[in-house]
Amino acid sequence: MARTWGSRRRLRNTVLSGRVDAAALAAALAAHDPQSGPFHCEGLRVTGVFDLGHRRLEAPLALIDCVFELPVDLTELTVPSLDLSGSVLPALRADRITVSGELRLVGARLGDGSEQRQPMTDPSVDGTGARRPRRLQEDTAVGTVQLADSRIDGNLVLDGLTVADSGDWSLLAPRLAVGGSLHARDLTASGSLYLRDARVTYAVNLHAADVGGIEATGLVCGGGFYADWGFHSSGQVLLRAAEIGGVVTFHDAVLAEPAGALLLSRLRVPRLRLDLRQPPAGRVILQDAAVDVLVDAEATWPGSGRLSLEGFSYQRLETEVPVQVRSRIGWLTRDPRVGASAFEQLARSYENGGDERAARTVRHARERHLSRQDRLSGRLWGLLQDVLFGYGYAPRRALMWLLTLVAAGSLWFAGHPPERVGGDNNRAWDPILYSLDLLVPVASLGYRGAFDPTGPSKVVAVVLIVSGWTLVTAVIAGARRVLGRG
């Protein structure tokens with residue numbers, strides 16, 4: 001036991017203390033024997049530029065609760081592990097760093113201390129944005145924490161990290177490769193996180209993080225992307241063309257003013273949760289995304305005109321509180337450019353769940369929606385089909401119209417029998433069969449030619465004949481549409 005205890009003491013031996021010059025710290029690190037364990041210092045105040053760029057360290061490096069007066073440069077450093085937890089520094093430049101184990105910045109504080117928010121916004125929407133969310137000119141961009149093209153074989157742990165800086169990017173890490181998970185619980189960043197084309201083997205964990213936005217277009221993550229349980233963003237969150245192996249969740253998240261929005265076009269993920277804490281301040285773009293299950297909440301759907309669903313495919317919809325099919329149709333129409341394919345996608349999801357009635361309701365709503373976009377003649381013809389039999393999705397309505405017209409005609413002709421014509425005096429007068437014969441144009445019961453109405457009865461007869469042709473024509477047109485689209 002004594003040997004083990006002594007070994008641990010040597011591993012945590014602090015070689016320097018108090019106020020030190022960055023050059024002296026680098027010299028002590030160069031003279032450190034890797035066989036003695038990690039190079040571990042706590043509570044230092046480092047003056048000057050601490051530069052370990054383009055170096056290879058054989059021992060793990062831990063500088064805990066240190067204060068660096070100037071930015072730290074670790075560009076292209078190779079190190080077994082790096083721990084800067086609790087430290088304070090203006091900036092960390094660690095592009096192309098290679099870490100065999102973990103890189104830890106737990107509870108660290110970076111930046112110039114500025115608390116002013118720099119949300120990532122889109123000026124094409126409201127004219128107030130700082131920049132349009134497009135591919136960044138990385139050769140000119142600067143981030144408070146820079147990890148571009150870096151490789152971390154273990155976890156990247158940023159839990160409790162605070163980045164308070166006036167710059168746009170708090171974390172600039174395009175093409176970052178993490179062999180474990182990226183943990184950033186309770187991270188606070190005045191700017192945005194840039195993770196474009198990053199690769200994370202397991203999970204990205206942003207529980208309760210507070211950021212100015214996320215640009216993670218092209219992110220590949222084998223586990224889940226967890227921006228939930230109090231996650232807060234005042235800017236856009238972009239996961240365009242991302243591929244996530246498990247789940248993308250924004251459960252209980254807040255997408256706040258001025259530009260809290262979700263851009264998830266071409267996202268590929270088995271399960272997507274959009275049951276936010278409150279409706280988002282900006283848009284939710286799901287165009288051409290593909291998920292197996294979508295979990296959302298009616299109370300936090302984006303406002304009208306702030307949803308894009310065209311090309312969005314899913315197998316099943318889930319909600320904690322059941323959503324009526326009429327409300328779900330209203331969810332579709334919050335997309336101002338919604339087309340027939342979005343309605344058909346919703347109908348298929350109901351069919352997959354065995355709810356054929358809801359699927360018919362959605363397809364009926366689709367025909368109504370398409371009819372409203374037609375010319376005046378098309379809208380009038382569509383309205384007539386809707387009233388008569390619901391575009392073919394309410395066939396009982398056509399039967400009710402038929403029975404109503406037969407009943408009305410029978411009542412009239414029972415009190416106003418027409419004159420008999422022709423030589424067939426054996427045919428008994430029947431107002432019901434006569435009205436039915438007038439209404440059905442494709443078959444004859446022999447009554448239409450045996451009696452000749454005059455005066456007002458002729459008008460009633462003409463109305464029944466025209467109504468019959470209209471009803472049959474509408475039914476045939478609707479049947480062709482239903483069969484063609486089915």
# chains A, B, ... in the order shown; residues from 1 in each chain; ligands from 1

call {"tool": "select_by_dssp", "arguments": {"residues": "region 21-254 of chain A", "states": "helix (DSSP H, G or I)", "output": "ChimeraX atom specification"}}
result
/A:22-30,34-36,123-126

call {"tool": "residues_around", "arguments": {"residues": "Ser81 (chain A)", "least_positions_apart": "3", "cutoff": "8 Å", "atoms": "only C-alpha atoms", "output": "PDB file with N, CA and C atoms, in the first residue's frame"}}
result
ATOM      1  N   ALA A  59       4.930  12.502 -21.940  1.00  0.00           N
ATOM      2  CA  ALA A  59       4.189  12.374 -20.681  1.00  0.00           C
ATOM      3  C   ALA A  59       2.892  13.172 -20.772  1.00  0.00           C
ATOM      4  N   PRO A  60       1.834  12.720 -20.109  1.00  0.00           N
ATOM      5  CA  PRO A  60       0.600  13.503 -20.047  1.00  0.00           C
ATOM      6  C   PRO A  60       0.859  14.867 -19.424  1.00  0.00           C
ATOM      7  N   LEU A  61       0.103  15.870 -19.873  1.00  0.00           N
ATOM      8  CA  LEU A  61       0.284  17.241 -19.405  1.00  0.00           C
ATOM      9  C   LEU A  61      -0.986  17.691 -18.689  1.00  0.00           C
ATOM     10  N   VAL A  99      -4.024  14.002 -29.591  1.00  0.00           N
ATOM     11  CA  VAL A  99      -4.077  13.583 -28.182  1.00  0.00           C
ATOM     12  C   VAL A  99      -4.446  12.110 -28.152  1.00  0.00           C
ATOM     13  N   SER A 100      -3.584  11.303 -27.558  1.00  0.00           N
ATOM     14  CA  SER A 100      -3.839   9.860 -27.509  1.00  0.00           C
ATOM     15  C   SER A 100      -4.949   9.514 -26.528  1.00  0.00           C
ATOM     16  N   GLY A 101      -5.103  10.306 -25.501  1.00  0.00           N
ATOM     17  CA  GLY A 101      -6.145  10.069 -24.507  1.00  0.00           C
ATOM     18  C   GLY A 101      -7.192  11.157 -24.539  1.00  0.00           C
ATOM     19  N   GLU A 102      -7.466  11.753 -23.365  1.00  0.00           N
ATOM     20  CA  GLU A 102      -8.501  12.781 -23.250  1.00  0.00           C
ATOM     21  C   GLU A 102      -7.906  14.180 -23.325  1.00  0.00           C
ATOM     22  N   LEU A 103      -8.723  15.099 -23.844  1.00  0.00           N
ATOM     23  CA  LEU A 103      -8.442  16.528 -23.734  1.00  0.00           C
ATOM     24  C   LEU A 103      -9.538  17.107 -22.860  1.00  0.00           C
TER      25      LEU A 103
END

call {"tool": "residues_around", "arguments": {"residues": "region 156-166 of chain A", "least_positions_apart": "4", "cutoff": "9 Å", "atoms": "only C-alpha atoms", "output": "PyMOL selection string"}}
result
chain A and resi 85-86+90+102-118+144-145+152+170-171+178-191+206+209

call {"tool": "residues_around", "arguments": {"residues": "Arg334 (chain A)", "least_positions_apart": "4", "cutoff": "8 Å", "atoms": "only C-alpha atoms", "output": "list in words"}}
result
Pro302, Gly303, Ser304, Gly305, Arg306, Leu307 and Gly330 of chain A

call {"tool": "atom_distance", "arguments": {"atom1": "CA of Ala216 (chain A)", "atom2": "CA of Ala259 (chain A)"}}
result
16.5 Å

call {"tool": "closest_residue", "arguments": {"among": "A:Thr121, A:Ser17, A:Gln137, A:Asn155", "to": "Asp83 (chain A)", "atoms": "only C-alpha atoms"}}
result
A:Asn155

call {"tool": "residues_around", "arguments": {"residues": "Asp430 (chain A)", "least_positions_apart": "6", "cutoff": "10 Å", "atoms": "only C-alpha atoms", "output": "JSON, numbers by chain"}}
result
{"A": [410, 413, 414, 417, 447]}

call {"tool": "atom_distance", "arguments": {"atom1": "CA of Pro270 (chain A)", "atom2": "CA of Cys221 (chain A)"}}
result
12.2 Å

call {"tool": "residues_around", "arguments": {"residues": "region 30-46 of chain A", "least_positions_apart": "6", "cutoff": "12 Å", "atoms": "only C-alpha atoms", "output": "PDB file with C-alpha atoms, in the first residue's frame"}}
result
ATOM      1  CA  GLY A   6       4.000   7.029  -2.951  1.00  0.00           C
ATOM      2  CA  SER A   7       3.660   6.338  -6.656  1.00  0.00           C
ATOM      3  CA  ARG A   8       0.483   8.405  -6.809  1.00  0.00           C
ATOM      4  CA  ARG A   9       2.215  11.265  -5.015  1.00  0.00           C
ATOM      5  CA  ARG A  10       4.995  11.252  -7.592  1.00  0.00           C
ATOM      6  CA  LEU A  11       2.410  11.283 -10.409  1.00  0.00           C
ATOM      7  CA  ARG A  12       0.864  14.453  -8.984  1.00  0.00           C
ATOM      8  CA  ASN A  13       4.108  16.158  -8.023  1.00  0.00           C
ATOM      9  CA  THR A  14       3.939  19.888  -8.771  1.00  0.00           C
ATOM     10  CA  VAL A  15       7.288  20.952 -10.224  1.00  0.00           C
ATOM     11  CA  LEU A  16       6.484  24.698 -10.247  1.00  0.00           C
ATOM     12  CA  SER A  17       4.329  27.037  -8.218  1.00  0.00           C
ATOM     13  CA  GLY A  18       3.279  30.683  -8.014  1.00  0.00           C
ATOM     14  CA  ARG A  19       4.047  33.137 -10.802  1.00  0.00           C
ATOM     15  CA  VAL A  20       6.187  31.670 -13.599  1.00  0.00           C
ATOM     16  CA  ASP A  21       7.323  32.771 -17.013  1.00  0.00           C
ATOM     17  CA  ALA A  22       5.986  30.788 -19.960  1.00  0.00           C
ATOM     18  CA  ALA A  23       9.527  30.077 -21.160  1.00  0.00           C
ATOM     19  CA  ALA A  24      10.493  28.676 -17.733  1.00  0.00           C
ATOM     20  CA  LEU A  52       4.266  24.176 -27.350  1.00  0.00           C
ATOM     21  CA  ARG A  55       6.288  19.472 -30.284  1.00  0.00           C
ATOM     22  CA  ARG A  56       5.890  15.897 -29.088  1.00  0.00           C
ATOM     23  CA  LEU A  57       5.461  15.169 -25.391  1.00  0.00           C
ATOM     24  CA  GLU A  58       5.922  11.688 -23.994  1.00  0.00           C
ATOM     25  CA  ALA A  59       4.189  12.374 -20.681  1.00  0.00           C
ATOM     26  CA  PRO A  60       0.600  13.503 -20.047  1.00  0.00           C
ATOM     27  CA  LEU A  61       0.284  17.241 -19.405  1.00  0.00           C
ATOM     28  CA  ALA A  62      -1.970  18.626 -16.646  1.00  0.00           C
ATOM     29  CA  LEU A  63      -2.084  22.347 -15.870  1.00  0.00           C
ATOM     30  CA  ILE A  64      -4.961  22.617 -13.401  1.00  0.00           C
ATOM     31  CA  ASP A  65      -6.472  25.902 -12.147  1.00  0.00           C
ATOM     32  CA  CYS A  66      -3.747  27.924 -13.833  1.00  0.00           C
ATOM     33  CA  VAL A  67      -4.036  31.483 -15.120  1.00  0.00           C
ATOM     34  CA  PHE A  68      -2.444  32.318 -18.480  1.00  0.00           C
ATOM     35  CA  GLU A  69      -2.083  36.004 -19.198  1.00  0.00           C
ATOM     36  CA  LEU A  70      -1.660  35.479 -22.954  1.00  0.00           C
ATOM     37  CA  PRO A  71      -3.120  32.960 -25.453  1.00  0.00           C
ATOM     38  CA  VAL A  72      -1.779  29.410 -25.310  1.00  0.00           C
ATOM     39  CA  VAL A  79       0.626  14.548 -26.308  1.00  0.00           C
ATOM     40  CA  PRO A  80      -0.705  11.465 -24.498  1.00  0.00           C
ATOM     41  CA  SER A  81      -3.372  13.509 -22.695  1.00  0.00           C
ATOM     42  CA  LEU A  82      -4.025  17.157 -21.895  1.00  0.00           C
ATOM     43  CA  ASP A  83      -5.885  18.581 -18.908  1.00  0.00           C
ATOM     44  CA  LEU A  84      -6.476  22.333 -18.537  1.00  0.00           C
ATOM     45  CA  SER A  85      -9.426  22.008 -16.179  1.00  0.00           C
ATOM     46  CA  GLY A  86     -10.235  25.074 -14.107  1.00  0.00           C
ATOM     47  CA  SER A  87      -7.698  27.212 -15.944  1.00  0.00           C
ATOM     48  CA  VAL A  88      -8.208  30.752 -17.219  1.00  0.00           C
ATOM     49  CA  LEU A  89      -6.738  31.846 -20.545  1.00  0.00           C
ATOM     50  CA  PRO A  90      -7.556  34.387 -23.263  1.00  0.00           C
TER      51      PRO A  90
END

call {"tool": "closest_residue", "arguments": {"among": "A:Pro336, A:Gly353, A:Pro119, A:Gly409", "to": "Ala256 (chain A)", "atoms": "only C-alpha atoms"}}
result
A:Pro119

call {"tool": "residues_around", "arguments": {"residues": "region 276-283 of chain A", "least_positions_apart": "6", "cutoff": "10 Å", "atoms": "only C-alpha atoms", "output": "PyMOL selection string"}}
result
chain A and resi 121-122+125+228-236+249-263+296-308

call {"tool": "write_last_selection", "arguments": {"atoms": "C-alpha atoms", "output": "short mmCIF file (atom, residue, chain, number, x, y, z; two decimals), in the first residue's frame"}}
result
data_model
loop_
_atom_site.label_atom_id
_atom_site.label_comp_id
_atom_site.auth_asym_id
_atom_site.auth_seq_id
_atom_site.Cartn_x
_atom_site.Cartn_y
_atom_site.Cartn_z
CA THR A 121 -28.18 34.54 -37.46
CA ASP A 122 -29.34 34.67 -41.06
CA VAL A 125 -34.59 36.45 -42.77
CA ASP A 228 -31.59 18.77 -24.45
CA TRP A 229 -32.63 19.27 -20.83
CA GLY A 230 -32.26 23.03 -20.77
CA PHE A 231 -30.05 23.43 -23.84
CA HIS A 232 -30.28 27.08 -24.90
CA SER A 233 -29.30 28.68 -28.19
CA SER A 234 -29.87 32.28 -29.19
CA GLY A 235 -28.76 31.52 -32.76
CA GLN A 236 -29.21 28.91 -35.43
CA THR A 249 -32.79 15.23 -29.38
CA PHE A 250 -33.81 18.77 -28.51
CA HIS A 251 -36.11 17.67 -25.70
CA ASP A 252 -36.74 20.56 -23.27
CA ALA A 253 -34.43 22.80 -25.34
CA VAL A 254 -34.91 26.54 -25.86
CA LEU A 255 -34.27 28.19 -29.23
CA ALA A 256 -34.54 31.78 -28.13
CA GLU A 257 -34.49 35.24 -29.62
CA PRO A 258 -33.10 36.71 -31.72
CA ALA A 259 -32.45 33.79 -34.07
CA GLY A 260 -33.00 30.46 -32.33
CA ALA A 261 -33.72 28.09 -35.22
CA LEU A 262 -33.12 24.51 -36.41
CA LEU A 263 -31.75 23.82 -39.89
CA ASP A 296 -42.62 16.31 -31.22
CA ALA A 297 -45.16 18.27 -29.18
CA GLU A 298 -48.05 20.31 -30.54
CA ALA A 299 -47.49 23.04 -27.95
CA THR A 300 -43.99 23.77 -29.30
CA TRP A 301 -44.54 23.59 -33.05
CA PRO A 302 -42.98 26.54 -34.93
CA GLY A 303 -45.26 29.35 -35.99
CA SER A 304 -47.00 29.54 -39.34
CA GLY A 305 -44.52 30.17 -42.16
CA ARG A 306 -41.56 28.95 -40.08
CA LEU A 307 -41.66 25.27 -40.98
CA SER A 308 -40.23 23.52 -44.05
#

call {"tool": "atom_distance", "arguments": {"atom1": "CA of Phe225 (chain A)", "atom2": "CA of Leu172 (chain A)"}}
result
18.1 Å

call {"tool": "select_by_dssp", "arguments": {"residues": "region 163-254 of chain A", "states": "strand (DSSP E)", "output": "PyMOL selection string"}}
result
chain A and resi 163+169-172+177-178+182-183+188-189+192-194+199-200+204-205+210-211+214-215+220-221+225-226+232-233+236-238+243-244+247-249+254

call {"tool": "write_last_selection", "arguments": {"atoms": "C-alpha atoms", "output": "short mmCIF file (atom, residue, chain, number, x, y, z; two decimals), in the first residue's frame"}}
result
data_model
loop_
_atom_site.label_atom_id
_atom_site.label_comp_id
_atom_site.auth_asym_id
_atom_site.auth_seq_id
_atom_site.Cartn_x
_atom_site.Cartn_y
_atom_site.Cartn_z
CA VAL A 163 -16.15 31.08 -23.26
CA TRP A 169 -16.81 31.65 -32.78
CA SER A 170 -16.29 30.24 -29.31
CA LEU A 171 -15.17 26.85 -30.63
CA LEU A 172 -13.70 26.57 -34.12
CA ALA A 177 -11.99 13.73 -34.97
CA VAL A 178 -12.92 12.40 -31.52
CA LEU A 182 -17.67 15.11 -26.94
CA HIS A 183 -18.98 16.09 -23.50
CA THR A 188 -21.56 28.51 -21.75
CA ALA A 189 -20.43 30.24 -24.94
CA SER A 192 -21.13 29.73 -31.74
CA LEU A 193 -19.64 26.25 -32.01
CA TYR A 194 -18.21 25.35 -35.42
CA ARG A 199 -16.32 12.94 -36.65
CA VAL A 200 -17.35 11.71 -33.20
CA VAL A 204 -22.14 14.70 -28.57
CA ASN A 205 -23.52 15.71 -25.19
CA ASP A 210 -25.97 27.80 -23.47
CA VAL A 211 -24.52 28.84 -26.85
CA ILE A 214 -24.00 25.54 -33.67
CA GLU A 215 -22.68 24.93 -37.18
CA VAL A 220 -20.91 12.20 -38.42
CA CYS A 221 -21.68 10.75 -34.99
CA PHE A 225 -26.55 14.30 -30.49
CA TYR A 226 -28.02 15.47 -27.17
CA HIS A 232 -30.28 27.08 -24.90
CA SER A 233 -29.30 28.68 -28.19
CA GLN A 236 -29.21 28.91 -35.43
CA VAL A 237 -28.40 25.25 -34.91
CA LEU A 238 -27.29 23.67 -38.19
CA GLU A 243 -25.41 11.48 -40.11
CA ILE A 244 -26.22 10.43 -36.55
CA VAL A 247 -30.81 9.95 -31.78
CA VAL A 248 -30.88 13.71 -32.26
CA THR A 249 -32.79 15.23 -29.38
CA VAL A 254 -34.91 26.54 -25.86
#

call {"tool": "decode", "arguments": {"residues": "region 196-223 of chain A", "atoms": "N, CA and C atoms", "output": "CSV table (one decimal), in the first residue's frame"}}
result
chain,number,residue,atom,x,y,z
A,196,ARG,N,-18.2,21.8,-38.2
A,196,ARG,CA,-18.5,21.3,-39.6
A,196,ARG,C,-17.6,20.1,-40.0
A,197,ASP,N,-18.2,19.0,-40.5
A,197,ASP,CA,-17.5,17.8,-40.9
A,197,ASP,C,-16.7,17.1,-39.8
A,198,ALA,N,-17.1,17.4,-38.6
A,198,ALA,CA,-16.5,16.7,-37.5
A,198,ALA,C,-16.9,15.2,-37.4
A,199,ARG,N,-16.1,14.4,-36.8
A,199,ARG,CA,-16.3,12.9,-36.6
A,199,ARG,C,-16.2,12.6,-35.2
A,200,VAL,N,-17.3,12.1,-34.6
A,200,VAL,CA,-17.3,11.7,-33.2
A,200,VAL,C,-17.8,10.3,-33.1
A,201,THR,N,-17.0,9.4,-32.5
A,201,THR,CA,-17.3,8.0,-32.6
A,201,THR,C,-18.6,7.7,-31.8
A,202,TYR,N,-18.8,8.3,-30.6
A,202,TYR,CA,-19.9,8.0,-29.8
A,202,TYR,C,-20.9,9.1,-29.7
A,203,ALA,N,-20.9,9.9,-28.7
A,203,ALA,CA,-22.0,10.9,-28.6
A,203,ALA,C,-21.5,12.3,-28.5
A,204,VAL,N,-22.3,13.3,-28.8
A,204,VAL,CA,-22.1,14.7,-28.6
A,204,VAL,C,-23.2,15.1,-27.5
A,205,ASN,N,-22.7,15.5,-26.3
A,205,ASN,CA,-23.5,15.7,-25.2
A,205,ASN,C,-23.5,17.2,-24.8
A,206,LEU,N,-24.6,17.9,-25.1
A,206,LEU,CA,-24.7,19.3,-24.8
A,206,LEU,C,-25.9,19.6,-23.8
A,207,HIS,N,-26.1,18.7,-22.8
A,207,HIS,CA,-27.1,18.9,-21.8
A,207,HIS,C,-26.9,20.3,-21.2
A,208,ALA,N,-28.0,21.1,-21.2
A,208,ALA,CA,-28.0,22.4,-20.5
A,208,ALA,C,-26.9,23.4,-20.9
A,209,ALA,N,-26.4,23.2,-22.1
A,209,ALA,CA,-25.4,24.1,-22.7
A,209,ALA,C,-26.1,25.4,-23.1
A,210,ASP,N,-25.4,26.5,-23.1
A,210,ASP,CA,-26.0,27.8,-23.5
A,210,ASP,C,-25.0,28.4,-24.5
A,211,VAL,N,-25.4,28.4,-25.8
A,211,VAL,CA,-24.5,28.8,-26.8
A,211,VAL,C,-25.2,29.9,-27.7
A,212,GLY,N,-24.3,30.5,-28.6
A,212,GLY,CA,-24.9,31.4,-29.6
A,212,GLY,C,-25.2,30.8,-30.9
A,213,GLY,N,-25.1,29.5,-31.0
A,213,GLY,CA,-25.4,28.7,-32.2
A,213,GLY,C,-24.5,27.6,-32.4
A,214,ILE,N,-24.8,26.7,-33.3
A,214,ILE,CA,-24.0,25.5,-33.7
A,214,ILE,C,-24.0,25.4,-35.2
A,215,GLU,N,-22.8,25.3,-35.8
A,215,GLU,CA,-22.7,24.9,-37.2
A,215,GLU,C,-22.0,23.6,-37.2
A,216,ALA,N,-22.9,22.5,-37.4
A,216,ALA,CA,-22.4,21.2,-37.5
A,216,ALA,C,-22.8,20.5,-38.7
A,217,THR,N,-22.8,21.2,-39.8
A,217,THR,CA,-23.1,20.6,-41.1
A,217,THR,C,-22.1,19.5,-41.5
A,218,GLY,N,-22.6,18.3,-41.9
A,218,GLY,CA,-21.8,17.2,-42.2
A,218,GLY,C,-21.2,16.4,-41.1
A,219,LEU,N,-21.7,16.7,-39.9
A,219,LEU,CA,-21.2,16.0,-38.7
A,219,LEU,C,-21.6,14.5,-38.8
A,220,VAL,N,-20.7,13.6,-38.5
A,220,VAL,CA,-20.9,12.2,-38.4
A,220,VAL,C,-20.7,11.7,-37.0
A,221,CYS,N,-21.7,11.2,-36.4
A,221,CYS,CA,-21.7,10.8,-35.0
A,221,CYS,C,-22.3,9.4,-34.9
A,222,GLY,N,-21.6,8.4,-34.3
A,222,GLY,CA,-22.1,7.1,-34.2
A,222,GLY,C,-23.1,6.9,-33.2
A,223,GLY,N,-23.2,7.7,-32.1
A,223,GLY,CA,-24.2,7.6,-31.1
A,223,GLY,C,-25.3,8.6,-31.2
